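Since the structure comes first, as C-alpha cells, the remarks are kept for the end.
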Amino acid sequence: QVQLVESGGGSVQAGGSLRLSCVASGSISRSTCMGWFRQGQGKEREGVATVYAGGSSTVYTESVKGRFTVSRDNSKNTLYLQMNSLKPEDSAMYSCAAAKSCATLGWFLRHPQESDYWGQGTQVTVSS
C-alpha cells in the first residue's frame with residue numbers, strides 16, 4: 001500500500017512561484033510511475049508532469065513546459081513540482097498520483113485514471 005501526502009499549495013499573484021511536495025510512504029519501486037495532475041473548477045483532470053520513481057526522464061504537458069519542473073528526492077521519498085511564472089489558468093487542485101507501472105510516462109500523463117494511488121490534493125490559486 002502507498003500513501004501520498006501533498007503540501008505547498010497556496011495563493012500567489014501571476015508571475016509568482018510555488019513548490020509542491022508529495023511525500024510517499026509504502027512500497028515505491030524504481031519502476032513506479034509518479035506524477036502531478038490538476039483539476040480546475042469546471043474542468044477535466046489533466047496531467048501536468050510525470051516521472052519514474054527511479055529514473056530521471058520526465059514528461060510535461062505543453063502548457064507548463066519551461067515553467068514547471070518535476071523532481072524526486074528518493075532519500076526523502078518526496079516528489080516535487082516547482083512552478084514558476086504562474087498564470088491564472090494554472091489555478092487548480094493539484095494532486096500527486098502513483099501507478100505501479102505504466103506503458104510510458106506520456107501515456108500515464110494522458111491517463112490519470114490508471115493511477116493506483118492518489119493524494120488528497122493541494123489547492124493552487126493564481127490571481128491576475
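Lettering and numbering for the C-alpha cells are positional, with chains as A, B, ... in the shown order, residues counted from 1 in each chain, and ligands counted from 1 in the shown order.
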request  = Compile the contact shell of A:Gly40 as a list of chain:residue names: residues with an atom at most 9 Å away, counting only C-alpha atoms, same-chain residues fewer than 2 positions apart removed.
outcome  = A:Arg38, A:Gly42, A:Lys43, A:Glu44, A:Arg45, A:Glu46, A:Glu89, A:Asp90, A:Ser91, A:Ala92, A:Met93, A:Tyr94
Residues within 9 Å of A:Glu114, only C-alpha atoms, excluding chain neighbours under 2 positions, as a short mmCIF file (atom, residue, chain, number, x, y, z; two decimals) with N, CA, C and O atoms, in the first residue's frame:
data_model
loop_
_atom_site.label_atom_id
_atom_site.label_comp_id
_atom_site.auth_asym_id
_atom_site.auth_seq_id
_atom_site.Cartn_x
_atom_site.Cartn_y
_atom_site.Cartn_z
N ALA A 98 0.35 7.92 -8.18
CA ALA A 98 1.35 6.89 -8.49
C ALA A 98 0.66 5.69 -9.11
O ALA A 98 -0.44 5.31 -8.71
N ALA A 99 1.34 5.09 -10.07
CA ALA A 99 0.87 3.86 -10.69
C ALA A 99 1.97 2.82 -10.56
O ALA A 99 3.15 3.13 -10.74
N CYS A 102 3.39 1.73 -15.82
CA CYS A 102 2.72 2.46 -16.89
C CYS A 102 3.43 2.16 -18.20
O CYS A 102 4.62 1.87 -18.21
N PHE A 108 0.94 7.75 -19.17
CA PHE A 108 0.47 8.00 -17.80
C PHE A 108 -0.04 9.43 -17.67
O PHE A 108 -1.04 9.69 -17.01
N HIS A 111 -3.48 9.49 -19.03
CA HIS A 111 -4.43 8.54 -18.45
C HIS A 111 -4.34 8.52 -16.93
O HIS A 111 -3.98 7.50 -16.33
N PRO A 112 -4.66 9.63 -16.26
CA PRO A 112 -4.58 9.67 -14.80
C PRO A 112 -5.48 8.64 -14.13
O PRO A 112 -5.20 8.24 -12.99
N ASP A 116 -2.88 4.09 -9.34
CA ASP A 116 -3.29 3.18 -8.27
C ASP A 116 -3.47 3.92 -6.95
O ASP A 116 -4.21 3.45 -6.07
#
inquiry  = Considering only strand (DSSP E) as DSSP defines it on the backbone, what residues of stretch 3-117 of chain A qualify? List them as a PyMOL selection string.
reply    = chain A and resi 3-7+10-13+18-26+33-39+46-52+58-60+68-73+78-83+92-99+117
With C-alpha atoms retained, write the just-selected residues as an mmCIF file, in the first residue's frame.
data_model
loop_
_atom_site.group_PDB
_atom_site.id
_atom_site.type_symbol
_atom_site.label_atom_id
_atom_site.label_comp_id
_atom_site.auth_asym_id
_atom_site.auth_seq_id
_atom_site.Cartn_x
_atom_site.Cartn_y
_atom_site.Cartn_z
ATOM 1 C CA GLN A 3 0.128 6.765 0.834
ATOM 2 C CA LEU A 4 0.720 10.151 -0.742
ATOM 3 C CA VAL A 5 0.510 13.447 1.121
ATOM 4 C CA GLU A 6 0.807 16.748 -0.741
ATOM 5 C CA SER A 7 1.646 20.177 0.605
ATOM 6 C CA GLY A 10 -1.462 28.465 -1.747
ATOM 7 C CA SER A 11 -2.430 31.752 -3.311
ATOM 8 C CA VAL A 12 0.017 33.771 -5.382
ATOM 9 C CA GLN A 13 -0.082 36.543 -7.923
ATOM 10 C CA LEU A 18 5.241 27.795 -5.628
ATOM 11 C CA ARG A 19 6.797 24.448 -4.862
ATOM 12 C CA LEU A 20 4.538 21.497 -4.226
ATOM 13 C CA SER A 21 5.715 18.470 -2.300
ATOM 14 C CA CYS A 22 4.348 14.939 -2.193
ATOM 15 C CA VAL A 23 5.663 12.616 0.494
ATOM 16 C CA ALA A 24 5.221 8.955 -0.339
ATOM 17 C CA SER A 25 5.113 6.139 2.186
ATOM 18 C CA GLY A 26 4.874 2.458 1.456
ATOM 19 C CA CYS A 33 5.221 5.929 -12.297
ATOM 20 C CA MET A 34 4.576 9.117 -10.399
ATOM 21 C CA GLY A 35 3.013 12.335 -11.475
ATOM 22 C CA TRP A 36 1.284 15.579 -10.772
ATOM 23 C CA PHE A 37 -2.225 16.116 -12.050
ATOM 24 C CA ARG A 38 -4.565 19.061 -11.719
ATOM 25 C CA GLN A 39 -8.233 19.819 -11.990
ATOM 26 C CA GLU A 46 -5.247 16.826 -16.713
ATOM 27 C CA GLY A 47 -1.736 15.574 -16.386
ATOM 28 C CA VAL A 48 0.913 18.152 -15.545
ATOM 29 C CA ALA A 49 4.145 16.173 -15.241
ATOM 30 C CA THR A 50 5.196 12.560 -14.825
ATOM 31 C CA VAL A 51 8.416 10.810 -13.792
ATOM 32 C CA TYR A 52 9.610 7.318 -12.925
ATOM 33 C CA THR A 58 10.207 13.444 -17.306
ATOM 34 C CA VAL A 59 7.190 14.373 -19.402
ATOM 35 C CA TYR A 60 5.263 17.631 -19.190
ATOM 36 C CA PHE A 68 7.336 23.808 -14.187
ATOM 37 C CA THR A 69 9.930 21.279 -13.087
ATOM 38 C CA VAL A 70 9.185 17.895 -11.561
ATOM 39 C CA SER A 71 11.840 16.208 -9.462
ATOM 40 C CA ARG A 72 12.200 13.459 -6.903
ATOM 41 C CA ASP A 73 14.353 13.132 -3.790
ATOM 42 C CA THR A 78 9.362 13.053 -1.883
ATOM 43 C CA LEU A 79 8.139 14.214 -5.265
ATOM 44 C CA TYR A 80 8.320 17.926 -6.027
ATOM 45 C CA LEU A 81 6.745 20.267 -8.525
ATOM 46 C CA GLN A 82 8.474 23.608 -8.844
ATOM 47 C CA MET A 83 6.105 26.045 -10.505
ATOM 48 C CA ALA A 92 -6.453 24.187 -9.811
ATOM 49 C CA MET A 93 -6.406 21.421 -7.253
ATOM 50 C CA TYR A 94 -3.065 19.709 -7.731
ATOM 51 C CA SER A 95 -2.773 16.055 -6.819
ATOM 52 C CA CYS A 96 0.080 13.627 -6.663
ATOM 53 C CA ALA A 97 -0.521 10.139 -8.031
ATOM 54 C CA ALA A 98 1.347 6.895 -8.495
ATOM 55 C CA ALA A 99 0.872 3.860 -10.689
ATOM 56 C CA TYR A 117 -2.799 5.770 -5.543
#
